[in-house]
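For reference, the structure is listed below as structure tokens.
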Amino acid sequence: MTYSKIIGTGSYLPAKRVTNDDLAAQLAAKGIETSDEWIVTRSGISARHYAAPDENASDLAVNAARKALEASGLEAEQIDLIIVATSTPDYFGSFPSTACIVQNKLGMRNNSAAFDMGAVCSGFVYAMATADAFIKAGNAKNVLVIGTEVFSRILDFDDRSTCVLFGDGAGAVVLAASEEPGVLAVKLHADGSHGGILCGPANPSNQASNQKFLYMDGPAVFKLAVSVLEKVANEALAHAQMPAGDIDWLIPHQANLRIMTGTAKKLGLPADKMVVTVHEHGNTSAASIPLALDVAMRDGRIKPGHNVMMEGVGGGFTWGAVLARM
Ligand code: ACO
């Protein structure tokens, strides 16, 4: 049986680090009040990174991809599919796709397939599920899966309830065909009836909306996120016929520490089995899971043979889980 297996990870954070105190000072200059204490208590976030003016989602992605390729031992030319999960592509409508731009910036001339995946904060999980299906169907051997975002570009810095929560970054994995177990289960869901509680700026092609920035009904998102994350993790476990206790590492979408801790608790997992980067990265949407995965791979917490549950939830409304053996 052919499996798909993660054979390399990489990540990239832009150089500019912005602390809660930095943001509070920036907002105070406009008469908007916030504080490190409010942000940490409500979200667990202490800092986030912002891309430089000349850095786009594709630049962050390329930096993460190079590291993932290096870790995998593969050359870029050996990749036959690139999937980039992003809601902040370089061009409107992913036209051209960020994945095509990444392919070119990596110097690839092998005509690998390349496309963007739009599922907001679930984008990485959706992209992994797609890559896994391509590999299992025999349609790809080595897939570069990237989550990359420059959410700082779509935030309303007059809206304290959203601008403090998000950051920029990228994470990447190389998923390759393998005879050894890798991805064990994949579960994806969406419910478009909740699309209005979390959305980005309207495109120029949408004349019915004058939405200029990211909009989020925080409490509504919170409520939905907590309920779906537990359910989808259990669905993936059931598919793999694995008890929750066999999960070595839980990597939920890094949006809010309270949601993440609540999910671990509902699954009966101790908090120290969860990889947490939200305090340093903020919510980097599609990049948050591969960023956290790479951090825990490189600091040696995640080891070969470990079972890792990755879970995303975000705009759409979308959610999903990928259970993988490393
Ligand atoms: N500083 C100080 N006060 C603030 C701030 C701020 N930055 N932001 C909001 N407040 C105030 C509000 O105005 C409100 O004041 P009021 O009671 O006088 O009206 C009060 O704080 C409480 O606001 P709530 O929104 O009720 O706060 P809550 O405890 O719900 O926390 C939060 C807000 C952090 C946004 C939370 O709801 C949340 O994390 N939601 C989920 C976010 C998430 O998971 N997103 C994932 C998907 S993201 C994606 O897909 C792109």
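Labels used: A, B, ... for chains in the order of the structure tokens, numbers from 1 for residues in each chain, and numbers from 1 for ligands as shown.
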Counting only C-alpha atoms and all ligand atoms, give me one row per residue of chain A with an atom at most 6 Å from an atom of ligand 1, showing the shortest contact pair and its distance in Å to one decimal, sorted by chain then residue number, as CSV.
```
residue,atom,partner,partner_atom_place_in_ligand_line,distance
A:Thr34,CA,ligand 1,1 (N),3.6
A:Ser35,CA,ligand 1,1 (N),5.9
A:Trp38,CA,ligand 1,1 (N),5.5
A:Ile39,CA,ligand 1,7 (N),5.9
A:Arg42,CA,ligand 1,34 (C),4.9
A:Ser43,CA,ligand 1,34 (C),5.0
A:Val120,CA,ligand 1,50 (O),5.4
A:Cys121,CA,ligand 1,50 (O),4.3
A:Arg160,CA,ligand 1,7 (N),4.2
A:Ser161,CA,ligand 1,8 (N),3.3
A:Val164,CA,ligand 1,7 (N),5.8
A:Gly218,CA,ligand 1,37 (O),3.5
A:Pro219,CA,ligand 1,37 (O),3.9
A:Val221,CA,ligand 1,41 (C),4.9
A:Phe222,CA,ligand 1,41 (C),3.9
A:Ala255,CA,ligand 1,44 (O),4.8
A:Asn256,CA,ligand 1,39 (O),5.1
A:Ser285,CA,ligand 1,51 (C),5.4
A:Val313,CA,ligand 1,47 (C),5.9
A:Gly314,CA,ligand 1,50 (O),3.1
A:Gly315,CA,ligand 1,50 (O),4.2
```
For Leu291 of chain A, list every protein, DNA or RNA residue within 12 Å, evaluated using only C-alpha atoms, and leave out those in the same chain fewer than 6 positions away; present the list as a ChimeraX atom specification. /A:9-13,60-61,64-65,67-68,124,146-149,167-173,251-254,275-278,280-285,297-298,310
Find the residues around Asp159 of chain A up to 12 Å (only C-alpha atoms counted), leave out those fewer than 5 positions away in its own chain, and share them as a list in words. Leu23, Leu27, Lys30, Gly31, Ile32, Glu33, Thr34, Ile154, Val164, Leu165, Phe213, Leu214, Tyr215, Met216 and Asp217 of chain A
Just-selected residues, all heavy atoms written as a short mmCIF file (atom, residue, chain, number, x, y, z; two decimals), in the first residue's frame:
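Contents of out.cif, as written:
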```cif
data_model
loop_
_atom_site.label_atom_id
_atom_site.label_comp_id
_atom_site.auth_asym_id
_atom_site.auth_seq_id
_atom_site.Cartn_x
_atom_site.Cartn_y
_atom_site.Cartn_z
N LEU A 23 2.01 47.13 20.01
CA LEU A 23 0.70 47.37 19.39
C LEU A 23 -0.15 48.32 20.23
O LEU A 23 -0.83 49.20 19.69
CB LEU A 23 -0.06 46.04 19.25
CG LEU A 23 -0.08 45.37 17.89
CD1 LEU A 23 -1.00 44.16 17.95
CD2 LEU A 23 -0.57 46.32 16.80
N LEU A 27 -1.82 51.74 18.94
CA LEU A 27 -3.25 52.01 18.99
C LEU A 27 -3.56 53.22 19.89
O LEU A 27 -4.44 54.03 19.59
CB LEU A 27 -4.03 50.78 19.48
CG LEU A 27 -3.99 49.54 18.58
CD1 LEU A 27 -4.98 48.48 19.07
CD2 LEU A 27 -4.29 49.85 17.13
N LYS A 30 -3.81 56.52 18.49
CA LYS A 30 -5.05 56.83 17.76
C LYS A 30 -6.24 56.90 18.71
O LYS A 30 -7.39 56.89 18.29
CB LYS A 30 -5.31 55.74 16.70
CG LYS A 30 -4.25 55.68 15.63
CD LYS A 30 -4.70 54.83 14.44
CE LYS A 30 -4.40 53.37 14.68
NZ LYS A 30 -4.65 52.55 13.47
N GLY A 31 -5.94 56.84 20.02
CA GLY A 31 -7.01 56.92 21.02
C GLY A 31 -7.72 55.60 21.23
O GLY A 31 -8.83 55.56 21.77
N ILE A 32 -7.13 54.48 20.79
CA ILE A 32 -7.75 53.16 20.96
C ILE A 32 -7.02 52.43 22.08
O ILE A 32 -5.79 52.31 22.06
CB ILE A 32 -7.67 52.32 19.65
CG1 ILE A 32 -8.35 53.07 18.51
CG2 ILE A 32 -8.27 50.94 19.84
CD1 ILE A 32 -8.08 52.49 17.12
N GLU A 33 -7.81 51.93 23.05
CA GLU A 33 -7.19 51.33 24.22
C GLU A 33 -7.09 49.81 24.10
O GLU A 33 -8.05 49.13 23.75
CB GLU A 33 -8.07 51.68 25.44
CG GLU A 33 -7.37 51.52 26.76
CD GLU A 33 -8.37 51.64 27.91
OE1 GLU A 33 -9.27 52.50 27.84
OE2 GLU A 33 -8.23 50.84 28.85
N THR A 34 -5.92 49.29 24.36
CA THR A 34 -5.76 47.84 24.55
C THR A 34 -4.55 47.64 25.45
O THR A 34 -3.88 48.62 25.82
CB THR A 34 -5.60 47.08 23.21
OG1 THR A 34 -5.68 45.67 23.48
CG2 THR A 34 -4.27 47.36 22.52
N ILE A 154 -4.39 42.78 5.65
CA ILE A 154 -5.86 42.85 5.54
C ILE A 154 -6.52 43.19 6.87
O ILE A 154 -7.73 43.07 7.04
CB ILE A 154 -6.47 41.54 4.96
CG1 ILE A 154 -6.15 40.32 5.84
CG2 ILE A 154 -6.00 41.31 3.53
CD1 ILE A 154 -6.99 39.09 5.49
N VAL A 164 -5.23 42.74 16.91
CA VAL A 164 -4.22 42.23 17.86
C VAL A 164 -4.00 40.72 17.73
O VAL A 164 -3.07 40.18 18.33
CB VAL A 164 -4.63 42.56 19.33
CG1 VAL A 164 -4.75 44.06 19.52
CG2 VAL A 164 -5.93 41.86 19.71
N LEU A 165 -4.86 40.05 16.97
CA LEU A 165 -4.86 38.58 16.99
C LEU A 165 -4.02 37.91 15.90
O LEU A 165 -3.68 36.73 16.03
CB LEU A 165 -6.30 38.06 16.86
CG LEU A 165 -7.29 38.52 17.93
CD1 LEU A 165 -8.70 38.06 17.59
CD2 LEU A 165 -6.88 38.01 19.29
N PHE A 213 -11.67 45.19 5.07
CA PHE A 213 -10.68 44.51 5.91
C PHE A 213 -11.26 43.19 6.39
O PHE A 213 -12.44 42.90 6.19
CB PHE A 213 -10.33 45.37 7.13
CG PHE A 213 -9.73 46.70 6.80
CD1 PHE A 213 -10.48 47.85 6.90
CD2 PHE A 213 -8.42 46.77 6.37
CE1 PHE A 213 -9.92 49.08 6.59
CE2 PHE A 213 -7.85 48.00 6.07
CZ PHE A 213 -8.60 49.16 6.18
N LEU A 214 -10.41 42.45 7.11
CA LEU A 214 -10.88 41.22 7.76
C LEU A 214 -11.98 41.58 8.76
O LEU A 214 -11.86 42.55 9.50
CB LEU A 214 -9.71 40.56 8.49
CG LEU A 214 -9.98 39.33 9.34
CD1 LEU A 214 -8.78 38.40 9.29
CD2 LEU A 214 -10.27 39.69 10.80
N TYR A 215 -13.04 40.78 8.77
CA TYR A 215 -14.11 40.95 9.76
C TYR A 215 -14.26 39.63 10.52
O TYR A 215 -14.25 38.55 9.92
CB TYR A 215 -15.44 41.28 9.08
CG TYR A 215 -16.61 41.12 10.02
CD1 TYR A 215 -16.91 42.11 10.95
CD2 TYR A 215 -17.37 39.94 10.02
CE1 TYR A 215 -17.95 41.94 11.86
CE2 TYR A 215 -18.41 39.77 10.93
CZ TYR A 215 -18.69 40.77 11.84
OH TYR A 215 -19.71 40.59 12.74
N MET A 216 -14.39 39.72 11.83
CA MET A 216 -14.62 38.49 12.61
C MET A 216 -15.56 38.76 13.78
O MET A 216 -15.36 39.71 14.54
CB MET A 216 -13.30 37.94 13.16
CG MET A 216 -13.50 36.68 14.01
SD MET A 216 -11.97 35.80 14.40
CE MET A 216 -11.30 36.87 15.65
N ASP A 217 -16.58 37.92 13.87
CA ASP A 217 -17.43 37.91 15.06
C ASP A 217 -16.77 36.91 16.02
O ASP A 217 -17.05 35.70 15.97
CB ASP A 217 -18.85 37.47 14.66
CG ASP A 217 -19.78 37.35 15.87
OD1 ASP A 217 -19.29 37.33 17.02
OD2 ASP A 217 -21.00 37.27 15.65
#
```
If DSSP is run on the backbone, what residues of segment 204-292 of chain A are strand (DSSP E or B)? A reply as an MDAnalysis selection string would be ideal. chainID A and resid 215:216 249:252 274 283
Mind dumping the selected residues with N, CA, C and O atoms as a PDB file, in the first residue's frame?
```pdb
ATOM      1  N   TYR A 215     -13.040  40.784   8.766  1.00  0.00           N
ATOM      2  CA  TYR A 215     -14.105  40.947   9.756  1.00  0.00           C
ATOM      3  C   TYR A 215     -14.261  39.629  10.524  1.00  0.00           C
ATOM      4  O   TYR A 215     -14.248  38.552   9.925  1.00  0.00           O
ATOM      5  N   MET A 216     -14.387  39.717  11.832  1.00  0.00           N
ATOM      6  CA  MET A 216     -14.621  38.492  12.613  1.00  0.00           C
ATOM      7  C   MET A 216     -15.556  38.763  13.776  1.00  0.00           C
ATOM      8  O   MET A 216     -15.359  39.712  14.540  1.00  0.00           O
ATOM      9  N   TRP A 249       1.359  14.094  19.753  1.00  0.00           N
ATOM     10  CA  TRP A 249       1.340  15.558  19.689  1.00  0.00           C
ATOM     11  C   TRP A 249       0.067  16.054  19.025  1.00  0.00           C
ATOM     12  O   TRP A 249      -0.302  15.584  17.951  1.00  0.00           O
ATOM     13  N   LEU A 250      -0.569  17.010  19.681  1.00  0.00           N
ATOM     14  CA  LEU A 250      -1.731  17.683  19.098  1.00  0.00           C
ATOM     15  C   LEU A 250      -1.253  19.046  18.585  1.00  0.00           C
ATOM     16  O   LEU A 250      -0.651  19.821  19.342  1.00  0.00           O
ATOM     17  N   ILE A 251      -1.494  19.300  17.293  1.00  0.00           N
ATOM     18  CA  ILE A 251      -1.147  20.621  16.742  1.00  0.00           C
ATOM     19  C   ILE A 251      -2.420  21.246  16.185  1.00  0.00           C
ATOM     20  O   ILE A 251      -2.762  21.072  15.005  1.00  0.00           O
ATOM     21  N   PRO A 252      -3.159  21.953  17.044  1.00  0.00           N
ATOM     22  CA  PRO A 252      -4.357  22.618  16.553  1.00  0.00           C
ATOM     23  C   PRO A 252      -3.974  23.931  15.871  1.00  0.00           C
ATOM     24  O   PRO A 252      -2.880  24.464  16.111  1.00  0.00           O
ATOM     25  N   MET A 274       0.468  19.191  23.630  1.00  0.00           N
ATOM     26  CA  MET A 274       0.019  20.119  22.580  1.00  0.00           C
ATOM     27  C   MET A 274       1.173  21.060  22.226  1.00  0.00           C
ATOM     28  O   MET A 274       1.851  21.575  23.116  1.00  0.00           O
ATOM     29  N   ASN A 283      -2.106  34.493  15.333  1.00  0.00           N
ATOM     30  CA  ASN A 283      -2.840  33.628  14.414  1.00  0.00           C
ATOM     31  C   ASN A 283      -2.323  33.887  12.995  1.00  0.00           C
ATOM     32  O   ASN A 283      -2.575  34.950  12.433  1.00  0.00           O
TER      33      ASN A 283
END
```
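We find atom CA of Asp116 of chain A and atom CA of Ala47 of chain A to be spaced 27.8 Å apart.
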Using DSSP secondary structure from the backbone, list all helix (DSSP H, G or I) positions within segment 69-149 of chain A, as a CSV table (one decimal) with C-alpha atoms, in the first residue's frame.
```csv
chain,number,residue,atom,x,y,z
A,69,LEU,CA,13.3,20.8,0.8
A,70,GLU,CA,16.7,20.8,2.5
A,71,ALA,CA,15.3,18.8,5.4
A,72,SER,CA,13.7,16.3,3.0
A,76,ALA,CA,13.2,21.3,-6.0
A,77,GLU,CA,13.1,19.6,-9.4
A,78,GLN,CA,11.9,16.4,-7.8
A,92,PHE,CA,-6.2,38.9,-6.5
A,93,GLY,CA,-8.0,35.7,-7.2
A,94,SER,CA,-4.6,33.8,-7.1
A,98,THR,CA,1.0,31.9,-5.4
A,99,ALA,CA,2.0,28.3,-6.0
A,100,CYS,CA,3.1,29.2,-9.6
A,101,ILE,CA,5.1,32.2,-8.3
A,102,VAL,CA,6.7,30.0,-5.7
A,103,GLN,CA,7.6,27.4,-8.4
A,104,ASN,CA,9.3,30.1,-10.4
A,105,LYS,CA,11.1,31.6,-7.4
A,120,VAL,CA,-8.6,30.2,5.3
A,121,CYS,CA,-7.2,28.8,8.6
A,122,SER,CA,-8.1,25.3,7.6
A,123,GLY,CA,-6.1,25.8,4.4
A,124,PHE,CA,-3.1,23.7,5.4
A,125,VAL,CA,-5.2,20.8,6.5
A,126,TYR,CA,-7.2,21.0,3.2
A,127,ALA,CA,-3.9,21.2,1.2
A,128,MET,CA,-2.5,18.2,3.1
A,129,ALA,CA,-5.6,16.2,2.4
A,130,THR,CA,-5.4,17.0,-1.3
A,131,ALA,CA,-1.7,16.2,-1.5
A,132,ASP,CA,-2.4,12.9,0.3
A,133,ALA,CA,-5.1,12.0,-2.2
A,134,PHE,CA,-2.8,12.9,-5.2
A,135,ILE,CA,-0.1,10.6,-3.8
A,136,LYS,CA,-2.4,7.7,-2.9
```
Name all residues at most 8 Å from Leu267 of chain A (count only C-alpha atoms; drop same-chain ones fewer than 3 positions away) and give them as a count of residues only. 5
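Minimum atom-to-atom distances from A:Thr2, A:Cys199, A:Ile82, A:Val18 to Ser112 of chain A were compared using only C-alpha atoms, and the lowest value belongs to A:Ile82.
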Atom CA of Val150 of chain A to atom CA of Asn110 of chain A, straight-line distance in Å: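 Rounded to one decimal, the two atoms are 28.0 Å apart.
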Quick one: residues within 7 Å of segment 182-186 of chain A, only C-alpha atoms, excluding same-chain residues fewer than 3 positions away - as an MDAnalysis selection string? chainID A and resid 3:6 129 236 239:240 321:326
Next, write the just-selected residues to a file, as an mmCIF file, in the first residue's frame, keeping N, CA and C atoms as the atom set.
```cif
data_model
loop_
_atom_site.group_PDB
_atom_site.id
_atom_site.type_symbol
_atom_site.label_atom_id
_atom_site.label_comp_id
_atom_site.auth_asym_id
_atom_site.auth_seq_id
_atom_site.Cartn_x
_atom_site.Cartn_y
_atom_site.Cartn_z
ATOM 1 N N TYR A 3 1.506 4.980 1.046
ATOM 2 C CA TYR A 3 1.116 6.037 1.983
ATOM 3 C C TYR A 3 1.732 7.348 1.512
ATOM 4 N N SER A 4 1.308 8.437 2.126
ATOM 5 C CA SER A 4 2.038 9.695 1.951
ATOM 6 C C SER A 4 2.668 10.007 3.308
ATOM 7 N N LYS A 5 3.926 10.440 3.279
ATOM 8 C CA LYS A 5 4.646 10.647 4.533
ATOM 9 C C LYS A 5 5.366 11.987 4.521
ATOM 10 N N ILE A 6 5.363 12.665 5.660
ATOM 11 C CA ILE A 6 6.086 13.937 5.774
ATOM 12 C C ILE A 6 7.576 13.616 5.870
ATOM 13 N N ALA A 129 -4.673 17.190 2.833
ATOM 14 C CA ALA A 129 -5.633 16.156 2.426
ATOM 15 C C ALA A 129 -5.581 15.982 0.908
ATOM 16 N N ALA A 236 -11.255 11.506 12.912
ATOM 17 C CA ALA A 236 -9.976 11.031 12.344
ATOM 18 C C ALA A 236 -9.451 9.843 13.142
ATOM 19 N N HIS A 239 -11.393 6.764 12.227
ATOM 20 C CA HIS A 239 -10.991 6.259 10.908
ATOM 21 C C HIS A 239 -9.692 5.462 11.005
ATOM 22 N N ALA A 240 -8.770 5.953 11.839
ATOM 23 C CA ALA A 240 -7.469 5.265 11.979
ATOM 24 C C ALA A 240 -7.532 4.150 13.018
ATOM 25 N N ALA A 321 -9.110 17.706 9.963
ATOM 26 C CA ALA A 321 -7.999 17.116 10.731
ATOM 27 C C ALA A 321 -7.189 16.177 9.849
ATOM 28 N N VAL A 322 -5.906 16.152 10.090
ATOM 29 C CA VAL A 322 -5.006 15.179 9.450
ATOM 30 C C VAL A 322 -4.221 14.501 10.568
ATOM 31 N N LEU A 323 -4.348 13.181 10.631
ATOM 32 C CA LEU A 323 -3.591 12.409 11.621
ATOM 33 C C LEU A 323 -2.435 11.743 10.875
ATOM 34 N N ALA A 324 -1.205 12.035 11.301
ATOM 35 C CA ALA A 324 -0.050 11.523 10.561
ATOM 36 C C ALA A 324 0.967 10.867 11.492
ATOM 37 N N ARG A 325 1.551 9.773 11.000
ATOM 38 C CA ARG A 325 2.683 9.176 11.724
ATOM 39 C C ARG A 325 3.969 9.730 11.115
ATOM 40 N N MET A 326 4.844 10.227 11.978
ATOM 41 C CA MET A 326 6.057 10.879 11.476
ATOM 42 C C MET A 326 7.143 9.838 11.205
#
```
Find the residues around Asp80 of chain A up to 7 Å (only C-alpha atoms counted), leave out those fewer than 4 positions away in its own chain, and share them as a ChimeraX atom specification. /A:112-113,140-143
Let's have the selection written as a PDB file, in the first residue's frame, with N, CA, C and O atoms.
```
ATOM      1  N   SER A 112       6.003  21.142 -12.918  1.00  0.00           N
ATOM      2  CA  SER A 112       5.189  20.521 -11.865  1.00  0.00           C
ATOM      3  C   SER A 112       3.837  21.234 -11.820  1.00  0.00           C
ATOM      4  O   SER A 112       3.759  22.426 -12.114  1.00  0.00           O
ATOM      5  N   ALA A 113       2.803  20.513 -11.427  1.00  0.00           N
ATOM      6  CA  ALA A 113       1.505  21.164 -11.218  1.00  0.00           C
ATOM      7  C   ALA A 113       1.618  22.101 -10.022  1.00  0.00           C
ATOM      8  O   ALA A 113       2.434  21.862  -9.114  1.00  0.00           O
ATOM      9  N   ALA A 140       0.942  11.850  -8.000  1.00  0.00           N
ATOM     10  CA  ALA A 140       2.103  12.656  -7.593  1.00  0.00           C
ATOM     11  C   ALA A 140       2.959  11.817  -6.662  1.00  0.00           C
ATOM     12  O   ALA A 140       2.443  10.923  -5.969  1.00  0.00           O
ATOM     13  N   LYS A 141       4.254  12.120  -6.667  1.00  0.00           N
ATOM     14  CA  LYS A 141       5.176  11.359  -5.809  1.00  0.00           C
ATOM     15  C   LYS A 141       5.683  12.224  -4.661  1.00  0.00           C
ATOM     16  O   LYS A 141       5.740  11.814  -3.514  1.00  0.00           O
ATOM     17  N   ASN A 142       6.073  13.441  -4.993  1.00  0.00           N
ATOM     18  CA  ASN A 142       6.615  14.368  -3.990  1.00  0.00           C
ATOM     19  C   ASN A 142       5.850  15.688  -4.075  1.00  0.00           C
ATOM     20  O   ASN A 142       5.896  16.358  -5.105  1.00  0.00           O
ATOM     21  N   VAL A 143       5.188  16.041  -2.993  1.00  0.00           N
ATOM     22  CA  VAL A 143       4.358  17.255  -3.010  1.00  0.00           C
ATOM     23  C   VAL A 143       4.882  18.255  -1.988  1.00  0.00           C
ATOM     24  O   VAL A 143       5.154  17.896  -0.835  1.00  0.00           O
TER      25      VAL A 143
END
```
For segment 52-55 of chain A, work out the shell of residues within 9 Å, counting only C-alpha atoms and skipping chain neighbours fewer than 6 positions away, then give it as number ranges by chain. A: 14-16, 150
Check the smallest atom-to-atom distance from each of A:Val145, A:Met242, A:Ile45, A:Ala190 to Val174 of chain A using only C-alpha atoms, then report the winner.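 Among the listed residues, A:Val145 lies closest to Val174 of chain A.
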A:Ala85, A:Leu188, A:Met108, A:Ile7 ranked by distance to Leu175 of chain A, top pick (using only C-alpha atoms): A:Ile7
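For the pair atom CA of Leu293 of chain A and atom CA of Ala119 of chain A, the separation is 18.9 Å.
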